[in-house]
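Engineer: Here you go, model-v3.txt (compact mmCIF, C-alpha atoms and all ligand atoms):
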```
# COMPACT_ATOMS: atom_id res chain seq x y z
CA MET I 26 17.14 17.21 -34.26
CA ALA I 27 19.45 19.24 -32.02
CA ALA I 28 22.19 17.26 -30.33
CA ALA I 29 21.36 18.58 -26.85
CA GLU I 30 17.90 17.09 -27.06
CA LEU I 31 19.01 13.55 -27.68
CA THR I 32 21.22 10.90 -26.18
CA ALA I 33 22.16 7.58 -27.79
CA PHE I 34 22.88 4.36 -25.87
CA ARG I 35 25.01 1.68 -27.52
CA ALA I 36 24.85 -2.01 -26.50
CA SER I 37 23.00 -5.17 -27.49
CA ILE I 38 19.28 -4.37 -27.52
CA LEU I 39 16.25 -6.62 -27.06
CA HIS I 40 12.59 -5.76 -27.01
CA PHE I 41 9.40 -7.60 -27.87
CA ARG I 42 6.68 -7.07 -30.44
CA GLY I 43 4.45 -9.90 -29.25
CA ASP I 44 4.14 -12.92 -26.98
CA PRO I 45 6.65 -15.61 -28.01
CA GLY I 46 4.24 -18.11 -26.39
CA SER I 47 4.91 -21.64 -27.47
CA GLY I 48 4.75 -20.75 -31.18
CA SER I 49 7.38 -19.32 -33.54
CA PRO I 50 9.29 -16.73 -31.55
CA ALA I 51 11.37 -15.04 -34.30
CA SER I 52 8.68 -12.50 -35.21
CA SER I 53 7.91 -11.74 -31.58
CA TYR I 54 11.06 -9.75 -30.81
CA ASP I 55 13.76 -7.49 -32.20
CA TYR I 56 17.33 -8.20 -31.20
CA LEU I 57 20.38 -6.17 -32.19
CA GLU I 58 23.79 -7.55 -31.30
CA ASP I 59 25.31 -4.06 -31.62
CA GLY I 60 22.43 -1.65 -31.40
CA LEU I 61 21.74 1.99 -30.72
CA LEU I 62 18.79 3.31 -28.71
CA VAL I 63 18.24 6.99 -29.43
CA VAL I 64 16.29 8.86 -26.75
CA GLU I 65 14.86 12.30 -27.33
CA ARG I 66 13.29 14.21 -24.42
CA GLY I 67 12.65 11.02 -22.48
CA ARG I 68 11.11 9.08 -25.35
CA VAL I 69 12.37 6.52 -27.83
CA ALA I 70 13.26 8.33 -31.05
CA ARG I 71 14.93 5.49 -32.94
CA VAL I 72 16.40 2.06 -32.43
CA GLY I 73 18.56 0.20 -34.92
CA PRO I 74 22.01 -1.15 -35.79
CA ALA I 75 24.70 1.03 -34.21
CA GLU I 76 26.87 1.46 -37.31
CA ALA I 77 24.03 2.73 -39.46
CA LEU I 78 22.41 4.97 -36.85
CA LEU I 79 25.64 6.52 -35.55
CA ALA I 80 26.29 7.97 -39.00
CA SER I 81 22.93 9.73 -38.96
CA LEU I 82 23.37 11.39 -35.55
CA PRO I 83 24.58 14.96 -35.13
CA ARG I 84 28.32 14.73 -34.46
CA GLU I 85 28.06 16.32 -31.02
CA ALA I 86 25.24 14.03 -29.81
CA PRO I 87 26.33 12.12 -26.69
CA VAL I 88 26.70 8.36 -27.17
CA VAL I 89 26.75 6.32 -23.95
CA ASP I 90 28.66 3.09 -24.54
CA LEU I 91 27.01 0.34 -22.50
CA ARG I 92 28.70 -2.62 -24.21
CA PRO I 93 28.86 -5.55 -23.46
CA GLY I 94 25.50 -5.03 -21.73
CA LEU I 95 22.03 -5.83 -22.96
CA ILE I 96 19.49 -2.98 -23.06
CA LEU I 97 15.93 -4.06 -22.28
CA PRO I 98 12.75 -2.17 -21.44
CA GLY I 99 12.48 -1.70 -17.65
CA PHE I 100 10.90 -4.60 -15.79
CA ILE I 101 7.21 -4.39 -14.86
CA ASP I 102 6.08 -6.00 -11.59
CA ALA I 103 2.36 -6.72 -11.98
CA HIS I 104 1.60 -7.14 -8.26
CA VAL I 105 3.52 -6.04 -5.17
CA HIS I 106 2.78 -4.61 -1.70
CA TYR I 107 5.03 -1.69 -0.80
CA SER I 108 3.61 -1.81 2.73
CA GLN I 109 4.96 -5.35 3.20
CA THR I 110 8.60 -4.40 2.60
CA ASP I 111 9.32 -4.99 6.30
CA VAL I 112 7.59 -8.39 6.53
CA ILE I 113 9.52 -10.02 3.68
CA ALA I 114 11.09 -13.28 4.89
CA SER I 115 8.53 -13.90 7.66
CA PRO I 116 7.43 -17.55 7.74
CA GLY I 117 3.78 -18.64 7.79
CA ARG I 118 1.88 -21.92 7.48
CA ASN I 119 -0.29 -20.36 4.78
CA VAL I 120 -1.34 -16.94 3.53
CA LEU I 121 -4.19 -16.55 6.04
CA GLU I 122 -1.99 -17.20 9.06
CA TRP I 123 0.74 -15.03 7.57
CA LEU I 124 -1.66 -12.09 7.16
CA GLU I 125 -2.82 -12.31 10.79
CA LYS I 126 0.59 -12.80 12.31
CA TYR I 127 2.78 -10.32 10.43
CA THR I 128 1.00 -8.34 7.77
CA PHE I 129 -1.99 -6.80 9.52
CA PRO I 130 0.12 -5.55 12.48
CA GLU I 131 2.71 -4.11 10.07
CA GLU I 132 0.07 -2.47 7.88
CA ALA I 133 -1.47 -0.80 10.94
CA ARG I 134 1.70 1.32 11.18
CA PHE I 135 0.88 3.10 7.90
CA GLU I 136 -1.64 5.35 9.54
CA ASP I 137 1.48 7.40 10.25
CA GLY I 138 2.26 9.31 7.06
CA ALA I 139 5.93 9.70 8.00
CA HIS I 140 6.35 5.94 8.32
CA ALA I 141 4.52 5.41 5.01
CA ALA I 142 6.81 7.94 3.30
CA GLU I 143 9.98 6.34 4.65
CA VAL I 144 8.92 2.87 3.47
CA ALA I 145 7.81 4.20 0.06
CA GLU I 146 11.22 5.79 -0.50
CA PHE I 147 13.07 2.60 0.38
CA PHE I 148 10.69 0.44 -1.66
CA LEU I 149 11.04 2.53 -4.84
CA ASP I 150 14.82 2.65 -4.53
CA GLU I 151 14.78 -1.10 -4.14
CA LEU I 152 12.61 -1.54 -7.25
CA LEU I 153 14.97 0.63 -9.28
CA ARG I 154 18.03 -1.20 -7.99
CA HIS I 155 16.42 -4.42 -9.27
CA GLY I 156 15.56 -2.90 -12.66
CA THR I 157 11.83 -2.49 -12.10
CA THR I 158 10.51 0.78 -13.47
CA THR I 159 6.74 0.20 -13.24
CA ALA I 160 4.65 -1.76 -10.74
CA MET I 161 1.06 -2.42 -9.70
CA VAL I 162 1.18 -1.63 -6.00
CA PHE I 163 -0.93 -2.31 -2.92
CA GLY I 164 -0.86 0.27 -0.13
CA THR I 165 -2.64 -0.27 3.20
CA ALA I 166 -6.13 0.66 4.37
CA HIS I 167 -4.89 4.18 5.09
CA ARG I 168 -5.27 7.02 2.68
CA ALA I 169 -1.89 8.27 3.91
CA SER I 170 -0.30 5.13 2.47
CA ALA I 171 -1.50 6.00 -1.03
CA ASP I 172 -0.58 9.68 -0.76
CA ALA I 173 2.93 8.86 0.48
CA PHE I 174 3.50 6.32 -2.27
CA PHE I 175 2.26 8.57 -5.08
CA ARG I 176 4.41 11.46 -3.86
CA ALA I 177 7.55 9.30 -3.78
CA ALA I 178 6.83 7.85 -7.25
CA GLU I 179 6.14 11.31 -8.67
CA HIS I 180 9.45 12.53 -7.27
CA ARG I 181 11.27 9.76 -9.15
CA GLY I 182 9.26 10.32 -12.36
CA MET I 183 8.16 6.68 -12.39
CA ARG I 184 5.06 5.23 -14.06
CA MET I 185 3.18 3.54 -11.23
CA VAL I 186 -0.27 2.16 -10.42
CA ALA I 187 -1.37 2.14 -6.78
CA GLY I 188 -4.24 2.48 -4.35
CA GLN I 189 -5.19 2.18 -0.69
CA VAL I 190 -6.66 -1.17 0.40
CA LEU I 191 -10.38 -1.61 1.06
CA MET I 192 -11.41 -3.89 3.97
CA ASP I 193 -14.39 -3.99 6.32
CA ARG I 194 -14.28 -7.39 8.01
CA ASN I 195 -12.03 -10.26 9.12
CA CYS I 196 -9.16 -7.93 9.96
CA PRO I 197 -8.23 -5.65 12.88
CA GLU I 198 -10.75 -2.88 13.41
CA CYS I 199 -8.15 -0.18 12.82
CA LEU I 200 -7.81 -1.43 9.21
CA GLN I 201 -11.55 -1.37 8.44
CA GLN I 202 -13.24 1.45 6.54
CA THR I 203 -16.80 2.71 6.44
CA PRO I 204 -18.72 3.15 3.17
CA GLU I 205 -18.42 6.92 3.66
CA SER I 206 -14.64 6.87 4.04
CA VAL I 207 -14.22 4.51 1.06
CA SER I 208 -16.35 6.71 -1.22
CA ARG I 209 -14.57 9.88 -0.13
CA ASP I 210 -11.04 8.48 -0.29
CA VAL I 211 -11.48 6.78 -3.68
CA ARG I 212 -12.97 9.93 -5.19
CA GLU I 213 -10.36 12.26 -3.75
CA LEU I 214 -7.35 10.02 -4.42
CA ALA I 215 -8.48 9.35 -8.01
CA GLU I 216 -9.01 13.08 -8.58
CA GLN I 217 -5.65 13.99 -7.13
CA TRP I 218 -3.43 11.26 -8.57
CA ASP I 219 -5.04 9.39 -11.48
CA GLY I 220 -3.44 10.76 -14.64
CA HIS I 221 -1.21 13.10 -12.67
CA ALA I 222 2.48 12.89 -13.73
CA ARG I 223 2.94 9.21 -14.63
CA LEU I 224 0.57 7.87 -11.99
CA HIS I 225 -2.58 5.77 -12.07
CA TYR I 226 -5.09 5.01 -9.36
CA ALA I 227 -6.34 1.50 -8.53
CA ILE I 228 -9.48 0.56 -6.61
CA THR I 229 -8.00 -2.10 -4.34
CA PRO I 230 -10.25 -4.44 -2.34
CA ARG I 231 -7.76 -6.77 -0.59
CA PHE I 232 -9.78 -9.93 -1.35
CA ALA I 233 -13.31 -11.20 -0.94
CA LEU I 234 -12.64 -12.50 2.58
CA THR I 235 -12.01 -9.03 4.02
CA SER I 236 -14.86 -7.20 2.25
CA THR I 237 -18.59 -7.54 2.91
CA ASP I 238 -21.07 -7.75 0.04
CA ALA I 239 -21.81 -4.08 0.68
CA GLN I 240 -18.16 -3.05 0.32
CA LEU I 241 -17.65 -5.09 -2.86
CA ARG I 242 -20.85 -3.60 -4.29
CA LEU I 243 -19.54 -0.13 -3.48
CA ALA I 244 -16.16 -0.97 -5.07
CA GLY I 245 -17.99 -2.05 -8.23
CA GLU I 246 -20.01 1.19 -8.27
CA LEU I 247 -16.84 3.21 -7.82
CA ALA I 248 -15.18 1.26 -10.62
CA ARG I 249 -18.06 2.17 -12.93
CA ALA I 250 -17.83 5.80 -11.85
CA HIS I 251 -14.07 5.80 -12.56
CA PRO I 252 -13.72 3.89 -15.84
CA ASN I 253 -10.05 4.86 -16.20
CA ALA I 254 -9.11 3.55 -12.77
CA TYR I 255 -7.60 0.12 -12.26
CA VAL I 256 -9.05 -2.66 -10.13
CA HIS I 257 -6.48 -4.62 -8.11
CA SER I 258 -7.14 -7.62 -5.88
CA HIS I 259 -6.27 -11.24 -5.10
CA VAL I 260 -8.10 -14.41 -6.05
CA ALA I 261 -7.73 -18.16 -5.48
CA GLU I 262 -4.33 -18.06 -3.84
CA HIS I 263 -4.78 -20.87 -1.30
CA ARG I 264 -7.30 -23.71 -1.06
CA ASP I 265 -8.32 -22.69 2.49
CA GLU I 266 -9.02 -19.17 1.21
CA VAL I 267 -11.12 -20.59 -1.66
CA ALA I 268 -13.13 -22.62 0.87
CA SER I 269 -13.70 -19.51 3.00
CA ALA I 270 -14.83 -17.51 -0.03
CA ARG I 271 -17.30 -20.27 -0.85
CA ALA I 272 -18.72 -20.17 2.68
CA LEU I 273 -19.00 -16.36 2.70
CA PHE I 274 -20.56 -16.10 -0.78
CA PRO I 275 -22.66 -19.27 -1.17
CA ASP I 276 -24.56 -17.92 -4.19
CA ALA I 277 -21.46 -17.31 -6.30
CA ARG I 278 -20.50 -19.97 -8.87
CA SER I 279 -16.84 -19.66 -7.87
CA TYR I 280 -14.49 -17.40 -5.95
CA LEU I 281 -13.75 -15.42 -9.12
CA ASP I 282 -17.49 -15.10 -9.75
CA VAL I 283 -17.78 -13.09 -6.50
CA TYR I 284 -15.82 -10.28 -8.14
CA ASP I 285 -17.67 -10.69 -11.43
CA ARG I 286 -21.03 -10.27 -9.72
CA PHE I 287 -19.94 -6.92 -8.33
CA GLY I 288 -18.60 -5.61 -11.66
CA LEU I 289 -14.96 -5.93 -10.69
CA LEU I 290 -13.78 -8.01 -13.67
CA ARG I 291 -12.83 -5.78 -16.55
CA ASP I 292 -10.03 -4.23 -18.57
CA ARG I 293 -7.38 -2.82 -16.24
CA ALA I 294 -8.27 -5.31 -13.51
CA ILE I 295 -5.34 -7.29 -12.14
CA TYR I 296 -5.94 -10.35 -9.98
CA ALA I 297 -2.95 -11.77 -8.16
CA HIS I 298 -2.42 -15.54 -8.10
CA CYS I 299 -5.35 -17.18 -9.96
CA LEU I 300 -4.02 -20.58 -8.84
CA HIS I 301 -7.20 -22.50 -8.07
CA LEU I 302 -9.43 -21.44 -10.97
CA ASP I 303 -11.45 -23.71 -13.22
CA GLU I 304 -11.82 -23.51 -16.98
CA ALA I 305 -14.94 -21.34 -16.79
CA ASP I 306 -13.09 -18.88 -14.51
CA ARG I 307 -10.13 -18.62 -16.89
CA LYS I 308 -12.45 -18.04 -19.85
CA ARG I 309 -14.25 -15.34 -17.88
CA MET I 310 -10.92 -13.66 -17.05
CA ALA I 311 -10.06 -13.63 -20.77
CA GLU I 312 -13.50 -12.36 -21.91
CA SER I 313 -13.60 -9.61 -19.32
CA GLY I 314 -10.14 -8.23 -20.16
CA ALA I 315 -8.87 -8.84 -16.62
CA ALA I 316 -5.32 -10.16 -16.23
CA ALA I 317 -3.64 -12.49 -13.77
CA ALA I 318 -0.43 -11.77 -11.88
CA PHE I 319 1.71 -14.92 -11.62
CA CYS I 320 3.71 -14.60 -8.38
CA PRO I 321 5.97 -17.68 -8.23
CA THR I 322 8.24 -16.78 -5.30
CA SER I 323 5.22 -15.96 -3.15
CA ASN I 324 3.25 -19.05 -4.22
CA LEU I 325 6.18 -21.33 -3.40
CA PHE I 326 7.09 -19.52 -0.17
CA LEU I 327 3.56 -19.61 1.25
CA GLY I 328 2.88 -23.08 -0.17
CA SER I 329 -0.13 -21.71 -2.05
CA GLY I 330 0.02 -23.74 -5.27
CA LEU I 331 1.34 -23.74 -8.84
CA PHE I 332 0.19 -21.32 -11.55
CA ASP I 333 -0.98 -23.35 -14.54
CA VAL I 334 0.65 -21.72 -17.58
CA GLU I 335 -0.83 -24.16 -20.10
CA ALA I 336 -4.37 -23.77 -18.77
CA ALA I 337 -3.99 -19.98 -18.86
CA ASP I 338 -2.85 -20.17 -22.49
CA ALA I 339 -5.62 -22.60 -23.43
CA ALA I 340 -8.16 -20.07 -22.16
CA SER I 341 -6.30 -17.09 -23.70
CA MET I 342 -6.08 -15.61 -20.19
CA THR I 343 -3.64 -12.72 -20.07
CA PHE I 344 -1.02 -13.00 -17.35
CA ALA I 345 2.14 -11.21 -16.31
CA LEU I 346 4.88 -11.83 -13.75
CA ALA I 347 4.94 -10.34 -10.28
CA THR I 348 6.98 -10.50 -7.09
CA ASP I 349 4.16 -10.12 -4.52
CA VAL I 350 6.65 -8.90 -1.92
CA GLY I 351 6.25 -9.43 1.11
CA GLY I 352 4.68 -12.87 0.46
CA GLY I 353 7.20 -12.96 -2.38
CA THR I 354 10.81 -13.41 -1.40
CA SER I 355 12.62 -11.07 -3.80
CA PHE I 356 12.18 -7.76 -5.60
CA SER I 357 14.13 -9.24 -8.52
CA MET I 358 12.17 -9.97 -11.67
CA LEU I 359 15.10 -12.16 -12.80
CA ARG I 360 14.68 -14.36 -9.74
CA THR I 361 10.93 -14.25 -10.28
CA MET I 362 11.42 -15.55 -13.86
CA SER I 363 13.66 -18.30 -12.55
CA GLU I 364 11.03 -19.46 -10.06
CA ALA I 365 8.30 -19.18 -12.72
CA TYR I 366 10.36 -21.48 -14.90
CA LYS I 367 10.58 -24.01 -12.05
CA VAL I 368 6.84 -23.79 -11.34
CA ALA I 369 6.22 -24.69 -15.00
CA GLN I 370 8.79 -27.51 -14.79
CA LEU I 371 7.05 -29.03 -11.76
CA GLN I 372 3.92 -29.40 -13.90
CA GLY I 373 5.71 -30.74 -16.98
CA GLN I 374 5.16 -27.38 -18.70
CA ARG I 375 7.53 -25.07 -20.51
CA LEU I 376 8.37 -21.41 -19.97
CA SER I 377 11.11 -20.31 -22.35
CA ALA I 378 13.57 -17.59 -21.42
CA LEU I 379 12.25 -15.48 -24.30
CA ARG I 380 8.74 -15.74 -22.96
CA ALA I 381 9.82 -15.00 -19.38
CA PHE I 382 11.54 -11.78 -20.53
CA TYR I 383 8.46 -10.92 -22.60
CA LEU I 384 6.22 -11.41 -19.55
CA ALA I 385 8.44 -9.15 -17.43
CA THR I 386 8.42 -6.33 -20.03
CA LEU I 387 5.86 -6.00 -22.85
CA GLY I 388 3.66 -8.72 -21.33
CA GLY I 389 3.41 -6.74 -18.11
CA ALA I 390 2.66 -3.55 -20.04
CA ARG I 391 -0.10 -5.32 -21.96
CA ALA I 392 -1.65 -6.78 -18.82
CA LEU I 393 -1.71 -3.25 -17.37
CA ARG I 394 -2.95 -1.75 -20.66
CA LEU I 395 0.11 0.49 -20.71
CA ASP I 396 1.74 -0.97 -23.83
CA ASP I 397 1.09 2.23 -25.75
CA ARG I 398 3.50 3.96 -23.33
CA ILE I 399 5.98 1.45 -21.92
CA GLY I 400 7.25 -2.11 -22.35
CA SER I 401 8.97 -1.81 -25.74
CA PHE I 402 11.21 0.48 -27.77
CA GLU I 403 8.72 1.40 -30.46
CA LYS I 404 9.12 5.01 -31.53
CA GLY I 405 7.48 7.39 -29.06
CA ARG I 406 7.47 4.98 -26.11
CA GLU I 407 8.69 6.32 -22.77
CA ALA I 408 12.40 5.51 -22.43
CA ASP I 409 12.35 3.42 -19.25
CA PHE I 410 15.08 0.84 -19.70
CA ILE I 411 17.72 -1.22 -17.97
CA VAL I 412 21.14 -2.59 -18.82
CA LEU I 413 21.92 -6.19 -17.93
CA ASP I 414 25.56 -7.08 -17.26
CA PRO I 415 26.73 -10.44 -18.66
CA GLN I 416 29.71 -10.34 -16.29
CA ALA I 417 27.88 -9.41 -13.09
CA THR I 418 29.30 -12.34 -11.15
CA PRO I 419 32.24 -14.69 -11.86
CA LEU I 420 29.84 -17.58 -12.44
CA LEU I 421 27.60 -15.60 -14.79
CA ALA I 422 30.64 -14.38 -16.76
CA ARG I 423 31.93 -17.94 -17.03
CA ARG I 424 28.54 -19.34 -18.13
CA MET I 425 28.08 -16.53 -20.67
CA ARG I 426 31.34 -17.47 -22.39
CA SER I 427 29.79 -20.71 -23.61
CA ALA I 428 26.32 -19.27 -24.28
CA LYS I 429 26.09 -18.91 -28.04
CA THR I 430 22.51 -17.88 -28.78
CA LEU I 431 20.35 -15.07 -27.41
CA GLU I 432 18.05 -17.65 -25.81
CA GLU I 433 21.00 -19.27 -24.01
CA LYS I 434 22.17 -15.91 -22.70
CA LEU I 435 18.69 -14.91 -21.50
CA PHE I 436 18.34 -18.28 -19.80
CA ALA I 437 21.64 -17.79 -17.94
CA TRP I 438 20.55 -14.31 -16.81
CA MET I 439 17.20 -15.55 -15.57
CA ILE I 440 18.54 -18.60 -13.74
CA LEU I 441 21.76 -17.11 -12.32
CA GLY I 442 20.89 -13.41 -12.25
CA ASP I 443 19.57 -11.05 -9.60
CA GLU I 444 19.96 -7.34 -8.89
CA ARG I 445 23.73 -7.63 -9.34
CA ALA I 446 23.07 -8.21 -13.04
CA VAL I 447 21.24 -4.87 -13.34
CA LYS I 448 24.03 -2.50 -14.23
CA GLY I 449 21.85 0.54 -14.72
CA THR I 450 18.22 1.62 -14.55
CA TYR I 451 16.99 4.57 -16.64
CA VAL I 452 13.70 6.40 -16.15
CA LEU I 453 12.67 8.56 -19.14
CA GLY I 454 16.23 8.24 -20.45
CA GLU I 455 17.85 9.45 -17.21
CA ARG I 456 20.07 7.10 -15.24
CA ILE I 457 18.91 6.71 -11.68
CA PRO I 458 21.91 7.26 -9.44
CA LEU I 459 21.90 3.88 -7.78
CA ALA I 460 25.03 4.55 -5.73
CA ALA I 461 23.20 7.34 -3.89
CA SER I 462 20.26 5.04 -3.26
CA LEU I 463 22.52 2.51 -1.58
CA SER I 464 23.89 4.90 1.00
CA PRO I 465 22.29 4.60 4.45
ZN ZN T 501 -0.42 -9.87 -2.86
```
Show me the file's structure as structure tokens.

Structural biologist:
Amino acid sequence: MAAAELTAFRASILHFRGDPGSGSPASSYDYLEDGLLVVERGRVARVGPAEALLASLPREAPVVDLRPGLILPGFIDAHVHYSQTDVIASPGRNVLEWLEKYTFPEEARFEDGAHAAEVAEFFLDELLRHGTTTAMVFGTAHRASADAFFRAAEHRGMRMVAGQVLMDRNCPECLQQTPESVSRDVRELAEQWDGHARLHYAITPRFALTSTDAQLRLAGELARAHPNAYVHSHVAEHRDEVASARALFPDARSYLDVYDRFGLLRDRAIYAHCLHLDEADRKRMAESGAAAAFCPTSNLFLGSGLFDVEAADAASMTFALATDVGGGTSFSMLRTMSEAYKVAQLQGQRLSALRAFYLATLGGARALRLDDRIGSFEKGREADFIVLDPQATPLLARRMRSAKTLEEKLFAWMILGDERAVKGTYVLGERIPLAASLSP
């Protein structure tokens, strides 16, 4: 291996092999107190103890010393709206009022491609600053919103899943599409972007309340015609929304069943929230291969409800963590983990720090069926990673001094940490110049 083709990064290293769950966690992760991550042409070549691996490297190979940091795979945000960047921190009585009052008017602005591009640039810089390297992203009803987002993500070399939103009722007319425009836009966007660079296309009905039967049927047909595409939507976020879904689709067994009837539950389908599901729904999610996005800051902020971790586990329902900005209140997956922990606490449930970090890395990759490419440091994986700083703030540094075990350290990062703890973000082994991103 020629030295110029590889770079080694030295620090503590953590990545997961499986879900720590509530069982025995030791086999679920690899942790190296003094480790070396060797990256060759943007991919993981080797990972192991620093002493042993350093001796095997060509003498001239660059070694980036990131001690006393912790190297982790980049965070994965399983559900977020780039188009809601400017409505973050807008209060609402519940999600339905919040959509009407802030979100629909803001999303109407994305007809303008220049506006969409400006927001996409800011949004992606913000994700990177917070250590998020992959996300499942909602655009708006406009095709321009998807094009602008994909272009910005391609420019940064990021692995991203996105799509324009499908709606044809219960929203402003300017955000509604016709069957013809949906068919054309899905086909053309999927052809142009799905599988291009590191990008993936998602068929994205907003939720059952804003799509007629005809539009959901069409979305299901398009999903069948594009088996590699993702499906991305919301379900059972708020009780009022569940009641509306029941009234609009009286023949469906449940709100989730609406999507099932139209062929929208499957592998590579991500449903945000999944708060007010019953046991049959959770089983159906698990059987179908669909995954839930647990969005704690959004669920608390909008007063939507509490994600039931134990019920999800009992049904073997796959779930990952997500910010759901702008209903969510932070781009930080560390803050998201902290709120997820508190949501579990409120129900007398447990979410360990190990599991929270799993959910934000390999767990997210598995939910998105991307674990053969990202989410861990197995040989050949794409080298998207971050470095966490144990001394990011005076309080964190002080707490870390008495943290003895890995679990204690991870817990301190997740409860006290935010983007200040993300010392560096690397995409395909290249450090993203965060300082430049921060300039106005
Ligand atoms: Zn959402």

Engineer: Nearest to I:Arg66 among I:Ala347, I:Ala369, I:Val452, I:Met192, with distances taken over all atoms listed in the file: which residue is it?

Structural biologist: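 Using all atoms listed in the file, the shortest distance to I:Arg66 belongs to I:Val452.
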
Engineer: Name all residues at most 7 Å from I:Gly60 (count only C-alpha atoms; drop same-chain ones fewer than 3 positions away) and give them as a ChimeraX atom specification.

Structural biologist: /I:35-38,57,73-75

Engineer: Padding 5 Å on every side, please: axis-aligned box over the listed atoms of stretch 148-155 of chain I, centre and edge lengths to one decimal in Å, as AutoDock Vina command-line options.

Structural biologist:
```
--center_x 14.4 --center_y -0.9 --center_z -5.5 --size_x 17.3 --size_y 17.1 --size_z 17.6
```

Engineer: Select the residues contacting ligand ZN 501 (chain T) at a distance of at most 9 Å, based on all atoms listed in the file, then format the selection as a PyMOL selection string.

Structural biologist: chain I and resi 104-106+162-163+231+258-259+297-298+320+323+348-353

Engineer: Residues as selected, C-alpha atoms, written as a CSV table (one decimal), keeping the file's coordinate frame, can you do that?

Structural biologist:
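Wrote it out as out_36.csv, contents follow:
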```csv
chain,number,residue,atom,x,y,z
I,104,HIS,CA,1.6,-7.1,-8.3
I,105,VAL,CA,3.5,-6.0,-5.2
I,106,HIS,CA,2.8,-4.6,-1.7
I,162,VAL,CA,1.2,-1.6,-6.0
I,163,PHE,CA,-0.9,-2.3,-2.9
I,231,ARG,CA,-7.8,-6.8,-0.6
I,258,SER,CA,-7.1,-7.6,-5.9
I,259,HIS,CA,-6.3,-11.2,-5.1
I,297,ALA,CA,-3.0,-11.8,-8.2
I,298,HIS,CA,-2.4,-15.5,-8.1
I,320,CYS,CA,3.7,-14.6,-8.4
I,323,SER,CA,5.2,-16.0,-3.2
I,348,THR,CA,7.0,-10.5,-7.1
I,349,ASP,CA,4.2,-10.1,-4.5
I,350,VAL,CA,6.6,-8.9,-1.9
I,351,GLY,CA,6.2,-9.4,1.1
I,352,GLY,CA,4.7,-12.9,0.5
I,353,GLY,CA,7.2,-13.0,-2.4
```

Engineer: Just want the 9 Å neighbourhood of I:Phe326, counted on only C-alpha atoms, with same-chain residues fewer than 5 positions away dropped. Output as a compact mmCIF listing (two decimals) with C-alpha atoms, in the frame of the given file.

Structural biologist:
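The new file out05.txt reads:
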```txt
# COMPACT_ATOMS: atom_id res chain seq x y z
CA ALA I 114 11.09 -13.28 4.89
CA PRO I 116 7.43 -17.55 7.74
CA GLY I 117 3.78 -18.64 7.79
CA ASN I 119 -0.29 -20.36 4.78
CA PRO I 321 5.97 -17.68 -8.23
CA GLY I 352 4.68 -12.87 0.46
CA GLY I 353 7.20 -12.96 -2.38
CA THR I 354 10.81 -13.41 -1.40
```

Engineer: So which one's closest to I:Leu431, I:Met161, I:Ala145, I:Leu31, I:Glu58? Using only C-alpha atoms, please.

Structural biologist: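 The answer is I:Glu58, which sits nearest to I:Leu431.
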
Engineer: What does the structure give for the distance between atom CA of I:Met185 and atom CA of I:Leu395, in Å to one decimal?

Structural biologist: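 Separating atom CA of I:Met185 from atom CA of I:Leu395 is a distance of 10.4 Å.
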
Engineer: Quick one: residues within 9 Å of (3.9, 0.3, -9.7) (file frame), counting all atoms listed in the file, please, as a PyMOL selection string.

Structural biologist: chain I and resi 101-105+149+157-163+178+183-187+224-225

Engineer: Please write the residues from the selection above to a file, keeping C-alpha atoms, as an mmCIF file, in the frame of the given file.

Structural biologist:
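Full text of part_21.cif as output:
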```cif
data_model
loop_
_atom_site.group_PDB
_atom_site.id
_atom_site.type_symbol
_atom_site.label_atom_id
_atom_site.label_comp_id
_atom_site.auth_asym_id
_atom_site.auth_seq_id
_atom_site.Cartn_x
_atom_site.Cartn_y
_atom_site.Cartn_z
ATOM 1 C CA ILE I 101 7.210 -4.390 -14.860
ATOM 2 C CA ASP I 102 6.080 -6.000 -11.590
ATOM 3 C CA ALA I 103 2.360 -6.720 -11.980
ATOM 4 C CA HIS I 104 1.600 -7.140 -8.260
ATOM 5 C CA VAL I 105 3.520 -6.040 -5.170
ATOM 6 C CA LEU I 149 11.040 2.530 -4.840
ATOM 7 C CA THR I 157 11.830 -2.490 -12.100
ATOM 8 C CA THR I 158 10.510 0.780 -13.470
ATOM 9 C CA THR I 159 6.740 0.200 -13.240
ATOM 10 C CA ALA I 160 4.650 -1.760 -10.740
ATOM 11 C CA MET I 161 1.060 -2.420 -9.700
ATOM 12 C CA VAL I 162 1.180 -1.630 -6.000
ATOM 13 C CA PHE I 163 -0.930 -2.310 -2.920
ATOM 14 C CA ALA I 178 6.830 7.850 -7.250
ATOM 15 C CA MET I 183 8.160 6.680 -12.390
ATOM 16 C CA ARG I 184 5.060 5.230 -14.060
ATOM 17 C CA MET I 185 3.180 3.540 -11.230
ATOM 18 C CA VAL I 186 -0.270 2.160 -10.420
ATOM 19 C CA ALA I 187 -1.370 2.140 -6.780
ATOM 20 C CA LEU I 224 0.570 7.870 -11.990
ATOM 21 C CA HIS I 225 -2.580 5.770 -12.070
#
```

Engineer: Atom CA of I:Arg84 and atom CA of I:Ile411 are how many Å apart?

Structural biologist: 25.3 Å
